>>> print(open('start_20.csv').read())   # CSV, C-alpha atoms
chain,number,residue,atom,x,y,z
A,1,MET,CA,0.0,0.0,0.0
A,2,GLU,CA,1.2,3.5,-0.8
A,3,PRO,CA,1.7,5.8,2.3
A,4,LYS,CA,-0.8,8.5,2.7
A,5,TRP,CA,0.3,12.1,3.4
A,6,PRO,CA,-1.5,14.0,6.1
A,7,ASN,CA,-3.7,16.8,5.0
A,8,THR,CA,-1.6,19.4,6.8
A,9,ILE,CA,1.6,18.5,4.9
A,10,CYS,CA,-0.3,18.6,1.6
A,11,LYS,CA,-1.6,22.1,2.3
A,12,ARG,CA,1.9,23.4,3.2
A,13,VAL,CA,3.4,22.0,0.0
A,14,LEU,CA,0.7,23.6,-2.1
A,15,LEU,CA,1.0,27.0,-0.4
A,16,THR,CA,4.8,27.0,-0.8
A,17,GLY,CA,4.5,26.2,-4.5
A,18,PHE,CA,2.0,28.9,-5.0
A,19,THR,CA,4.2,31.5,-3.3
A,20,LEU,CA,7.2,30.5,-5.5
A,21,CYS,CA,5.1,30.9,-8.6
A,22,VAL,CA,4.0,34.3,-7.6
A,23,VAL,CA,7.6,35.5,-6.8
A,24,LEU,CA,9.0,34.1,-10.0
A,25,VAL,CA,6.2,35.3,-12.3
A,26,THR,CA,5.7,38.8,-10.9
A,27,LYS,CA,8.6,41.2,-10.3
A,28,PRO,CA,7.9,43.9,-7.7
A,29,THR,CA,8.3,47.6,-8.7
A,30,SER,CA,10.1,50.1,-6.6
A,31,ALA,CA,9.6,53.8,-6.2
A,32,ILE,CA,11.5,56.7,-7.7
A,33,ASP,CA,11.9,60.1,-6.0
A,34,ILE,CA,11.8,63.2,-8.2
A,35,TYR,CA,12.9,66.7,-7.0
A,36,ALA,CA,12.3,70.2,-8.4
A,37,ASP,CA,12.3,73.8,-7.2
A,38,PRO,CA,8.9,74.8,-5.9
A,39,GLU,CA,9.0,78.2,-7.6
A,40,VAL,CA,11.2,79.8,-10.3
A,41,MET,CA,11.2,83.4,-11.5
A,42,MET,CA,12.4,84.5,-15.0
A,43,GLN,CA,12.7,87.8,-16.7
A,44,ASN,CA,10.6,88.3,-19.8
A,45,GLY,CA,12.7,87.8,-23.0
A,46,THR,CA,15.6,86.1,-21.2
A,47,THR,CA,16.8,82.5,-20.9
A,48,GLY,CA,15.8,80.5,-17.7
A,49,ILE,CA,16.3,77.1,-16.3
A,50,ILE,CA,13.8,74.8,-14.7
A,51,ARG,CA,15.7,72.2,-12.7
A,52,CYS,CA,14.7,68.7,-11.9
A,53,THR,CA,16.6,65.7,-10.5
A,54,PHE,CA,15.6,62.2,-9.5
A,55,LYS,CA,16.8,59.4,-7.2
A,56,SER,CA,16.6,55.8,-8.3
A,57,ASN,CA,18.1,52.5,-7.0
A,58,GLU,CA,18.3,51.2,-10.6
A,59,VAL,CA,20.9,51.8,-13.2
A,60,VAL,CA,19.9,54.4,-15.8
A,61,SER,CA,19.4,52.6,-19.2
A,62,SER,CA,17.9,53.3,-22.6
A,63,SER,CA,14.5,52.5,-21.3
A,64,THR,CA,14.6,55.5,-18.9
A,65,SER,CA,12.1,58.2,-20.0
A,66,VAL,CA,11.6,61.9,-19.1
A,67,THR,CA,8.4,63.8,-19.5
A,68,TRP,CA,7.8,67.5,-19.0
A,69,SER,CA,4.3,68.8,-18.9
A,70,PHE,CA,2.8,72.3,-18.6
A,71,GLN,CA,-0.5,73.7,-17.3
A,72,SER,CA,-1.1,77.4,-17.7
A,73,SER,CA,-2.2,79.6,-14.8
A,74,GLN,CA,-4.1,81.9,-17.2
A,75,PRO,CA,-7.7,81.0,-17.7
A,76,ASP,CA,-7.8,82.2,-21.3
A,77,ASN,CA,-4.7,80.1,-22.2
A,78,GLN,CA,-5.2,77.0,-24.3
A,79,PHE,CA,-3.0,75.0,-21.9
A,80,SER,CA,-5.1,75.9,-18.8
A,81,LYS,CA,-7.4,72.9,-18.9
A,82,GLY,CA,-4.8,70.3,-18.0
A,83,PRO,CA,-1.2,69.3,-18.2
A,84,TYR,CA,0.1,69.1,-21.8
A,85,VAL,CA,3.3,67.4,-22.7
A,86,ILE,CA,5.9,69.9,-24.0
A,87,PHE,CA,9.0,67.6,-24.0
A,88,TYR,CA,9.6,63.9,-24.0
A,89,LEU,CA,12.9,62.0,-23.9
A,90,THR,CA,13.3,58.2,-24.3
A,91,SER,CA,16.0,55.9,-25.7
A,92,GLY,CA,18.2,59.0,-26.1
A,93,ARG,CA,15.8,60.6,-28.5
A,94,GLU,CA,14.0,63.9,-27.9
A,95,PHE,CA,10.5,64.8,-28.9
A,96,GLN,CA,9.2,68.4,-28.9
A,97,GLY,CA,5.7,69.3,-27.9
A,98,PRO,CA,3.3,71.9,-29.2
A,99,LEU,CA,4.4,74.7,-31.5
A,100,GLU,CA,4.2,77.2,-28.7
A,101,PHE,CA,7.2,75.5,-27.0
A,102,LYS,CA,8.9,74.1,-30.1
A,103,ASP,CA,12.6,75.2,-30.4
A,104,ARG,CA,12.2,77.1,-27.1
A,105,VAL,CA,12.5,74.1,-24.8
A,106,GLN,CA,15.9,72.5,-24.6
A,107,PHE,CA,17.2,69.6,-22.6
A,108,ILE,CA,20.3,70.6,-20.7
A,109,GLY,CA,20.5,67.9,-18.0
A,110,ASP,CA,22.6,64.7,-17.8
A,111,ILE,CA,20.4,61.7,-17.3
A,112,ASN,CA,23.3,59.6,-16.2
A,113,LYS,CA,23.8,62.0,-13.4
A,114,ARG,CA,20.1,62.0,-12.5
A,115,ASP,CA,19.7,65.5,-13.9
A,116,VAL,CA,16.7,66.1,-16.3
A,117,SER,CA,16.6,69.9,-16.2
A,118,ILE,CA,15.3,71.9,-19.2
A,119,GLN,CA,16.0,75.4,-20.5
A,120,LEU,CA,13.3,77.8,-21.6
A,121,SER,CA,14.4,80.5,-24.1
A,122,PRO,CA,13.1,83.1,-24.5
A,123,ALA,CA,10.7,83.2,-21.6
A,124,GLN,CA,7.3,84.7,-22.3
A,125,PHE,CA,4.4,85.9,-20.1
A,126,SER,CA,2.3,83.1,-21.6
A,127,ASP,CA,4.7,80.6,-19.9
A,128,ASN,CA,3.3,81.4,-16.5
A,129,GLY,CA,2.0,78.2,-14.9
A,130,THR,CA,2.9,74.8,-13.4
A,131,TYR,CA,5.6,72.6,-15.0
A,132,PHE,CA,5.5,68.9,-14.1
A,133,CYS,CA,8.7,66.7,-14.3
A,134,ASP,CA,8.1,63.0,-14.5
A,135,VAL,CA,10.8,60.3,-14.8
A,136,ARG,CA,10.5,56.5,-15.3
A,137,ASN,CA,13.5,54.3,-14.8
A,138,PRO,CA,12.2,50.7,-15.0
A,139,PRO,CA,11.6,48.9,-12.8
A,140,ASP,CA,11.4,52.1,-10.8
A,141,ILE,CA,8.2,53.5,-12.3
A,142,THR,CA,6.2,54.4,-9.2
A,143,GLY,CA,6.7,58.1,-8.3
A,144,THR,CA,5.0,61.4,-8.0
A,145,PRO,CA,5.9,64.0,-10.6
A,146,ALA,CA,7.7,67.1,-9.3
A,147,ARG,CA,6.0,70.4,-9.9
A,148,THR,CA,7.5,73.9,-10.3
A,149,GLU,CA,5.5,77.2,-10.4
A,150,LEU,CA,7.0,79.5,-13.0
A,151,ARG,CA,6.6,83.3,-12.8
A,152,VAL,CA,7.7,85.3,-15.8
A,153,VAL,CA,8.0,89.0,-14.8
A,154,VAL,CA,9.6,92.2,-15.9
A,155,LYS,CA,13.1,93.2,-14.7
A,156,GLU,CA,11.8,95.6,-12.0
A,157,SER,CA,9.9,92.8,-10.3
A,158,LEU,CA,13.0,90.5,-9.8
A,159,PRO,CA,14.5,90.5,-6.3
A,160,GLN,CA,17.4,92.9,-6.1
A,161,SER,CA,20.8,91.6,-5.3
A,162,ASN,CA,22.3,92.3,-1.8
A,163,THR,CA,25.5,93.5,-3.4
A,164,THR,CA,24.6,97.1,-2.7
A,165,LEU,CA,23.8,96.4,0.9
A,166,ILE,CA,27.0,94.6,1.5
A,167,VAL,CA,29.1,97.3,-0.2
A,168,GLY,CA,27.4,99.9,1.9
A,169,ALA,CA,28.0,98.0,5.1
A,170,VAL,CA,31.7,97.5,4.3
A,171,CYS,CA,32.2,101.1,3.4
A,172,GLY,CA,30.4,102.2,6.6
A,173,ALA,CA,32.6,100.0,8.7
A,174,LEU,CA,35.7,101.3,6.9
A,175,VAL,CA,34.7,104.9,7.6
A,176,LEU,CA,34.1,104.1,11.2
A,177,LEU,CA,37.5,102.5,11.6
A,178,ILE,CA,39.2,105.5,10.0
A,179,LEU,CA,37.3,107.9,12.3
A,180,ILE,CA,38.4,105.9,15.3
A,181,ALA,CA,42.0,105.9,14.1
A,182,VAL,CA,42.0,109.6,13.5
A,183,GLY,CA,40.5,110.2,17.0
A,184,ALA,CA,43.1,108.1,18.6
A,185,CYS,CA,45.8,110.0,16.7
A,186,VAL,CA,44.4,113.3,18.0
A,187,VAL,CA,44.3,112.1,21.5
A,188,MET,CA,47.9,110.9,21.3
A,189,ARG,CA,49.0,114.3,19.9
A,190,VAL,CA,47.3,116.1,22.8
A,191,LEU,CA,48.9,113.9,25.4
A,192,HIS,CA,52.2,114.4,23.6
A,193,ASN,CA,51.9,118.2,23.7
A,194,ARG,CA,50.9,118.1,27.4
A,195,HIS,CA,53.9,116.0,28.2
A,196,ASP,CA,56.2,118.5,26.5
A,197,TYR,CA,54.6,121.4,28.4
A,198,GLU,CA,55.0,119.7,31.8
A,199,GLY,CA,58.7,119.0,31.0
A,200,CYS,CA,59.3,122.7,30.3
A,201,THR,CA,57.6,123.7,33.5
A,202,SER,CA,59.7,121.3,35.6
A,203,PHE,CA,62.9,122.5,34.0
A,204,GLU,CA,62.0,126.2,34.8
A,205,SER,CA,61.4,125.3,38.4
A,206,VAL,CA,64.8,123.8,38.7
A,207,GLY,CA,66.4,126.9,37.1
A,208,SER,CA,64.7,129.2,39.6
A,209,GLN,CA,67.0,128.0,42.3
A,210,ALA,CA,70.0,129.7,40.5
A,211,PRO,CA,71.0,133.4,41.0
A,212,GLN,CA,68.5,136.0,39.7
A,213,PRO,CA,70.5,137.4,36.8
A,214,ARG,CA,71.3,134.0,35.5
A,215,LYS,CA,67.6,133.0,35.8
A,216,LYS,CA,66.6,135.6,33.2
A,217,VAL,CA,69.1,134.4,30.7
A,218,GLU,CA,68.2,130.8,31.3
A,219,SER,CA,64.5,131.5,31.2
A,220,GLY,CA,64.9,133.0,27.8
A,221,LEU,CA,66.9,130.0,26.6
A,222,GLU,CA,64.4,127.7,28.2
A,223,GLY,CA,61.5,129.5,26.5
A,224,SER,CA,63.2,129.0,23.2
A,225,LYS,CA,63.8,125.4,24.0
A,226,CYS,CA,60.2,124.8,24.8
A,227,THR,CA,59.1,126.0,21.4
A,228,ILE,CA,61.2,123.5,19.6
A,229,PRO,CA,59.3,120.3,18.9
A,230,LEU,CA,60.7,117.3,20.7
A,231,GLY,CA,59.9,114.9,17.9
A,232,PRO,CA,57.2,112.1,17.6
A,233,LEU,CA,56.0,110.3,20.7
A,234,GLN,CA,57.4,106.8,21.3
A,235,VAL,CA,54.7,104.4,22.3
A,236,GLY,CA,56.5,101.6,24.2
A,237,ALA,CA,59.8,100.1,23.3
A,238,GLY,CA,58.7,98.4,20.2
A,239,GLY,CA,55.7,100.5,19.2
A,240,PRO,CA,55.3,102.8,16.2
A,241,ARG,CA,57.2,106.1,16.4
A,242,ASN,CA,54.6,108.0,14.4
A,243,PRO,CA,50.9,107.6,15.2
A,244,LEU,CA,49.8,109.3,12.0
A,245,ALA,CA,51.8,106.8,9.9
A,246,ALA,CA,50.3,103.9,11.9
A,247,THR,CA,46.8,105.3,11.3
A,248,ILE,CA,47.5,105.6,7.5
A,249,LEU,CA,48.8,102.0,7.5
A,250,LEU,CA,45.7,100.8,9.3
A,251,GLY,CA,43.4,102.6,6.8
A,252,LYS,CA,45.3,101.1,3.9
A,253,CYS,CA,44.8,97.6,5.3
A,254,CYS,CA,41.1,98.2,5.9
A,255,ILE,CA,40.7,99.4,2.4
A,256,TYR,CA,42.5,96.4,0.9
A,257,VAL,CA,40.4,93.9,3.0
A,258,ALA,CA,37.2,95.7,2.0
A,259,LEU,CA,38.1,95.7,-1.7
A,260,LEU,CA,39.1,92.0,-1.6
A,261,PHE,CA,35.8,91.1,0.1
A,262,ILE,CA,33.8,93.1,-2.5
A,263,ARG,CA,35.7,91.5,-5.4
A,264,MET,CA,35.0,88.0,-4.1
A,265,HIS,CA,31.3,88.7,-3.6
A,266,LEU,CA,31.0,90.2,-7.1
A,267,LYS,CA,32.8,87.2,-8.6
A,268,HIS,CA,30.5,84.8,-6.7
A,269,THR,CA,27.4,86.7,-7.9
A,270,ALA,CA,28.6,86.7,-11.5
A,271,LEU,CA,29.3,83.0,-11.4
A,272,SER,CA,25.8,82.3,-10.0
A,273,LEU,CA,24.2,84.4,-12.7
A,274,SER,CA,26.2,82.7,-15.5
A,275,THR,CA,25.2,79.3,-14.1
A,276,ASP,CA,21.5,80.2,-14.0
A,277,THR,CA,21.6,81.5,-17.6
A,278,MET,CA,23.3,78.4,-19.0
>>> encode(input="start_20.csv", output="structure tokens")
Amino acid sequence: MEPKWPNTICKRVLLTGFTLCVVLVTKPTSAIDIYADPEVMMQNGTTGIIRCTFKSNEVVSSSTSVTWSFQSSQPDNQFSKGPYVIFYLTSGREFQGPLEFKDRVQFIGDINKRDVSIQLSPAQFSDNGTYFCDVRNPPDITGTPARTELRVVVKESLPQSNTTLIVGAVCGALVLLILIAVGACVVMRVLHNRHDYEGCTSFESVGSQAPQPRKKVESGLEGSKCTIPLGPLQVGAGGPRNPLAATILLGKCCIYVALLFIRMHLKHTALSLSTDTM
């Protein structure tokens, strides 16, 4: 007689086989994360960039696709009813959208570096609206498209650079340092003159102990000596011998540091502007 298998063992074998079939036949999909700037401002008639990047655990291949869509924020615009595809990239080939965006939308990203940004040139007021960036990198196909609100404005509406504020602050600090240095120089000069006057007075008191006739001669000599400048004040054994020269040197150093700071800031601003207009 053949041995009979218990019902429990049969059920476990059937369940294990069914699970293996499901795992082998169906391949789970994973999520993809897409990032974009919440809001972008462009000047009318200029070139602007709408950035978008993505994060995927899979290797980028020829099956990776990029879709850019647009929905206008203007009720009377033909693209206000829903998102319309304005750019599509797959298998290394680019497909332009409607005529309103043809030759104005250019792909400037590097899909191998997870960058799928586009360039819009020239920007128009009719471009105001929401731009959707969607990326598919099989099997990573589950993800929420990133959205960017674009505002095309005139030049006067763009936020002003803080270069003027920084330059004003640096110049104000420089003027304050110069005033402090000049004030210190004046105080040192006053103390120096007072010291010379006290020296002449003490010398006259010593000369008063001599005979009266000689005192008159010496007082005249002493008066002439007191009118002769005694030279610059020495501040300490290793200090500067001329406070005015030290003040000028300090002012030059402050001016050099201020100009260097302004130059670095302007260079950084120019680099940022050139990067944004690429």
>>> closest_residue(input="start_20.csv", among="A:Thr90, A:Ser80, A:Ser62, A:Gln106", to="Asp127 (chain A)", atoms="only C-alpha atoms")
A:Ser80
>>> residues_around(input="start_20.csv", residues="Leu177 (chain A)", least_positions_apart="6", cutoff="9 Å", atoms="only C-alpha atoms", output="count of residues only")
3
>>> residues_around(input="start_20.csv", residues="region 152-155 of chain A", least_positions_apart="2", cutoff="7 Å", atoms="all atoms listed in the file", output="list in words")
Met41, Met42, Gln43, Asn44, Ala123, Gln124, Phe125, Asp127, Asn128, Leu150, Ser157 and Leu158 of chain A
>>> write_last_selection(input="start_20.csv", atoms="C-alpha atoms", output="mmCIF file, in the frame of the given file")
data_model
loop_
_atom_site.group_PDB
_atom_site.id
_atom_site.type_symbol
_atom_site.label_atom_id
_atom_site.label_comp_id
_atom_site.auth_asym_id
_atom_site.auth_seq_id
_atom_site.Cartn_x
_atom_site.Cartn_y
_atom_site.Cartn_z
ATOM 1 C CA MET A 41 11.200 83.400 -11.500
ATOM 2 C CA MET A 42 12.400 84.500 -15.000
ATOM 3 C CA GLN A 43 12.700 87.800 -16.700
ATOM 4 C CA ASN A 44 10.600 88.300 -19.800
ATOM 5 C CA ALA A 123 10.700 83.200 -21.600
ATOM 6 C CA GLN A 124 7.300 84.700 -22.300
ATOM 7 C CA PHE A 125 4.400 85.900 -20.100
ATOM 8 C CA ASP A 127 4.700 80.600 -19.900
ATOM 9 C CA ASN A 128 3.300 81.400 -16.500
ATOM 10 C CA LEU A 150 7.000 79.500 -13.000
ATOM 11 C CA SER A 157 9.900 92.800 -10.300
ATOM 12 C CA LEU A 158 13.000 90.500 -9.800
#
>>> atom_distance(input="start_20.csv", atom1="CA of Gly143 (chain A)", atom2="CA of Ile34 (chain A)")
7.2 Å
>>> closest_residue(input="start_20.csv", among="A:Ala173, A:Arg51, A:Arg189, A:Thr46", to="Ser117 (chain A)", atoms="all atoms listed in the file")
A:Arg51
>>> residues_near_point(input="start_20.csv", point="(3.5, 71.3, -25.8)", cutoff="7 Å", atoms="all atoms listed in the file", output="VMD selection string")
chain A and resid 84 to 87 97 to 101
>>> write_last_selection(input="start_20.csv", atoms="C-alpha atoms", output="mmCIF file, in the coordinates of the input")
data_model
loop_
_atom_site.group_PDB
_atom_site.id
_atom_site.type_symbol
_atom_site.label_atom_id
_atom_site.label_comp_id
_atom_site.auth_asym_id
_atom_site.auth_seq_id
_atom_site.Cartn_x
_atom_site.Cartn_y
_atom_site.Cartn_z
ATOM 1 C CA TYR A 84 0.100 69.100 -21.800
ATOM 2 C CA VAL A 85 3.300 67.400 -22.700
ATOM 3 C CA ILE A 86 5.900 69.900 -24.000
ATOM 4 C CA PHE A 87 9.000 67.600 -24.000
ATOM 5 C CA GLY A 97 5.700 69.300 -27.900
ATOM 6 C CA PRO A 98 3.300 71.900 -29.200
ATOM 7 C CA LEU A 99 4.400 74.700 -31.500
ATOM 8 C CA GLU A 100 4.200 77.200 -28.700
ATOM 9 C CA PHE A 101 7.200 75.500 -27.000
#
>>> atom_distance(input="start_20.csv", atom1="CA of Lys55 (chain A)", atom2="CA of Thr67 (chain A)")
15.5 Å
>>> closest_residue(input="start_20.csv", among="A:Glu58, A:Arg93, A:Asp103, A:Gly129", to="Gln71 (chain A)", atoms="all atoms listed in the file")
A:Gly129
>>> residues_around(input="start_20.csv", residues="Leu120 (chain A)", least_positions_apart="6", cutoff="7 Å", atoms="only C-alpha atoms", output="compact mmCIF listing (two decimals) with C-alpha atoms, keeping the file's coordinate frame")
# COMPACT_ATOMS: atom_id res chain seq x y z
CA THR A 47 16.80 82.50 -20.90
CA GLY A 48 15.80 80.50 -17.70
CA ILE A 49 16.30 77.10 -16.30
CA ARG A 104 12.20 77.10 -27.10
CA VAL A 105 12.50 74.10 -24.80
CA GLN A 106 15.90 72.50 -24.60
>>> decode(input="start_20.csv", residues="region 107-128 of chain A", atoms="N, CA, C and O atoms", output="short mmCIF file (atom, residue, chain, number, x, y, z; two decimals), in the first residue's frame")
data_model
loop_
_atom_site.label_atom_id
_atom_site.label_comp_id
_atom_site.auth_asym_id
_atom_site.auth_seq_id
_atom_site.Cartn_x
_atom_site.Cartn_y
_atom_site.Cartn_z
N PHE A 107 16.70 70.42 -23.64
CA PHE A 107 17.15 69.55 -22.56
C PHE A 107 18.62 69.84 -22.27
O PHE A 107 19.48 69.69 -23.15
N ILE A 108 18.93 70.25 -21.04
CA ILE A 108 20.30 70.60 -20.67
C ILE A 108 20.84 69.72 -19.55
O ILE A 108 21.96 69.94 -19.07
N GLY A 109 20.06 68.72 -19.11
CA GLY A 109 20.50 67.86 -18.03
C GLY A 109 21.39 66.73 -18.52
O GLY A 109 21.71 66.60 -19.70
N ASP A 110 21.77 65.90 -17.57
CA ASP A 110 22.56 64.70 -17.85
C ASP A 110 21.85 63.54 -17.15
O ASP A 110 21.91 63.41 -15.93
N ILE A 111 21.18 62.73 -17.93
CA ILE A 111 20.35 61.68 -17.35
C ILE A 111 21.19 60.66 -16.58
O ILE A 111 20.71 60.03 -15.62
N ASN A 112 22.44 60.47 -16.96
CA ASN A 112 23.32 59.56 -16.23
C ASN A 112 23.67 60.09 -14.84
O ASN A 112 24.03 59.31 -13.95
N LYS A 113 23.58 61.41 -14.68
CA LYS A 113 23.82 62.03 -13.37
C LYS A 113 22.52 62.35 -12.65
O LYS A 113 22.50 63.15 -11.72
N ARG A 114 21.44 61.78 -13.10
CA ARG A 114 20.11 61.98 -12.51
C ARG A 114 19.65 63.43 -12.60
O ARG A 114 18.93 63.93 -11.75
N ASP A 115 20.06 64.11 -13.64
CA ASP A 115 19.66 65.50 -13.86
C ASP A 115 18.87 65.57 -15.16
O ASP A 115 19.39 65.22 -16.22
N VAL A 116 17.61 66.03 -15.08
CA VAL A 116 16.75 66.10 -16.26
C VAL A 116 16.20 67.52 -16.43
O VAL A 116 15.04 67.71 -16.80
N SER A 117 17.02 68.52 -16.15
CA SER A 117 16.59 69.92 -16.22
C SER A 117 16.40 70.34 -17.67
O SER A 117 17.01 69.79 -18.60
N ILE A 118 15.55 71.36 -17.86
CA ILE A 118 15.31 71.92 -19.18
C ILE A 118 15.57 73.43 -19.15
O ILE A 118 15.56 74.06 -18.09
N GLN A 119 15.78 73.97 -20.34
CA GLN A 119 16.01 75.41 -20.50
C GLN A 119 14.90 76.00 -21.35
O GLN A 119 14.53 75.42 -22.37
N LEU A 120 14.41 77.14 -20.92
CA LEU A 120 13.34 77.82 -21.64
C LEU A 120 13.86 79.14 -22.17
O LEU A 120 14.28 80.01 -21.39
N SER A 121 13.85 79.31 -23.48
CA SER A 121 14.41 80.53 -24.07
C SER A 121 13.69 80.85 -25.39
O SER A 121 13.58 80.00 -26.28
N PRO A 122 13.21 82.10 -25.53
CA PRO A 122 13.11 83.12 -24.47
C PRO A 122 11.83 82.92 -23.65
O PRO A 122 10.83 82.42 -24.16
N ALA A 123 11.88 83.35 -22.41
CA ALA A 123 10.71 83.24 -21.56
C ALA A 123 9.67 84.28 -21.95
O ALA A 123 9.99 85.42 -22.27
N GLN A 124 8.41 83.85 -21.92
CA GLN A 124 7.29 84.73 -22.28
C GLN A 124 6.27 84.76 -21.15
O GLN A 124 6.22 83.85 -20.31
N PHE A 125 5.45 85.80 -21.15
CA PHE A 125 4.42 85.91 -20.11
C PHE A 125 3.41 84.77 -20.20
O PHE A 125 2.81 84.37 -19.20
N SER A 126 3.24 84.23 -21.39
CA SER A 126 2.31 83.10 -21.55
C SER A 126 2.85 81.81 -20.96
O SER A 126 2.12 80.82 -20.88
N ASP A 127 4.10 81.80 -20.54
CA ASP A 127 4.70 80.61 -19.94
C ASP A 127 4.39 80.49 -18.45
O ASP A 127 4.81 79.51 -17.82
N ASN A 128 3.70 81.47 -17.88
CA ASN A 128 3.35 81.39 -16.46
C ASN A 128 2.44 80.19 -16.21
O ASN A 128 1.45 79.98 -16.92
#
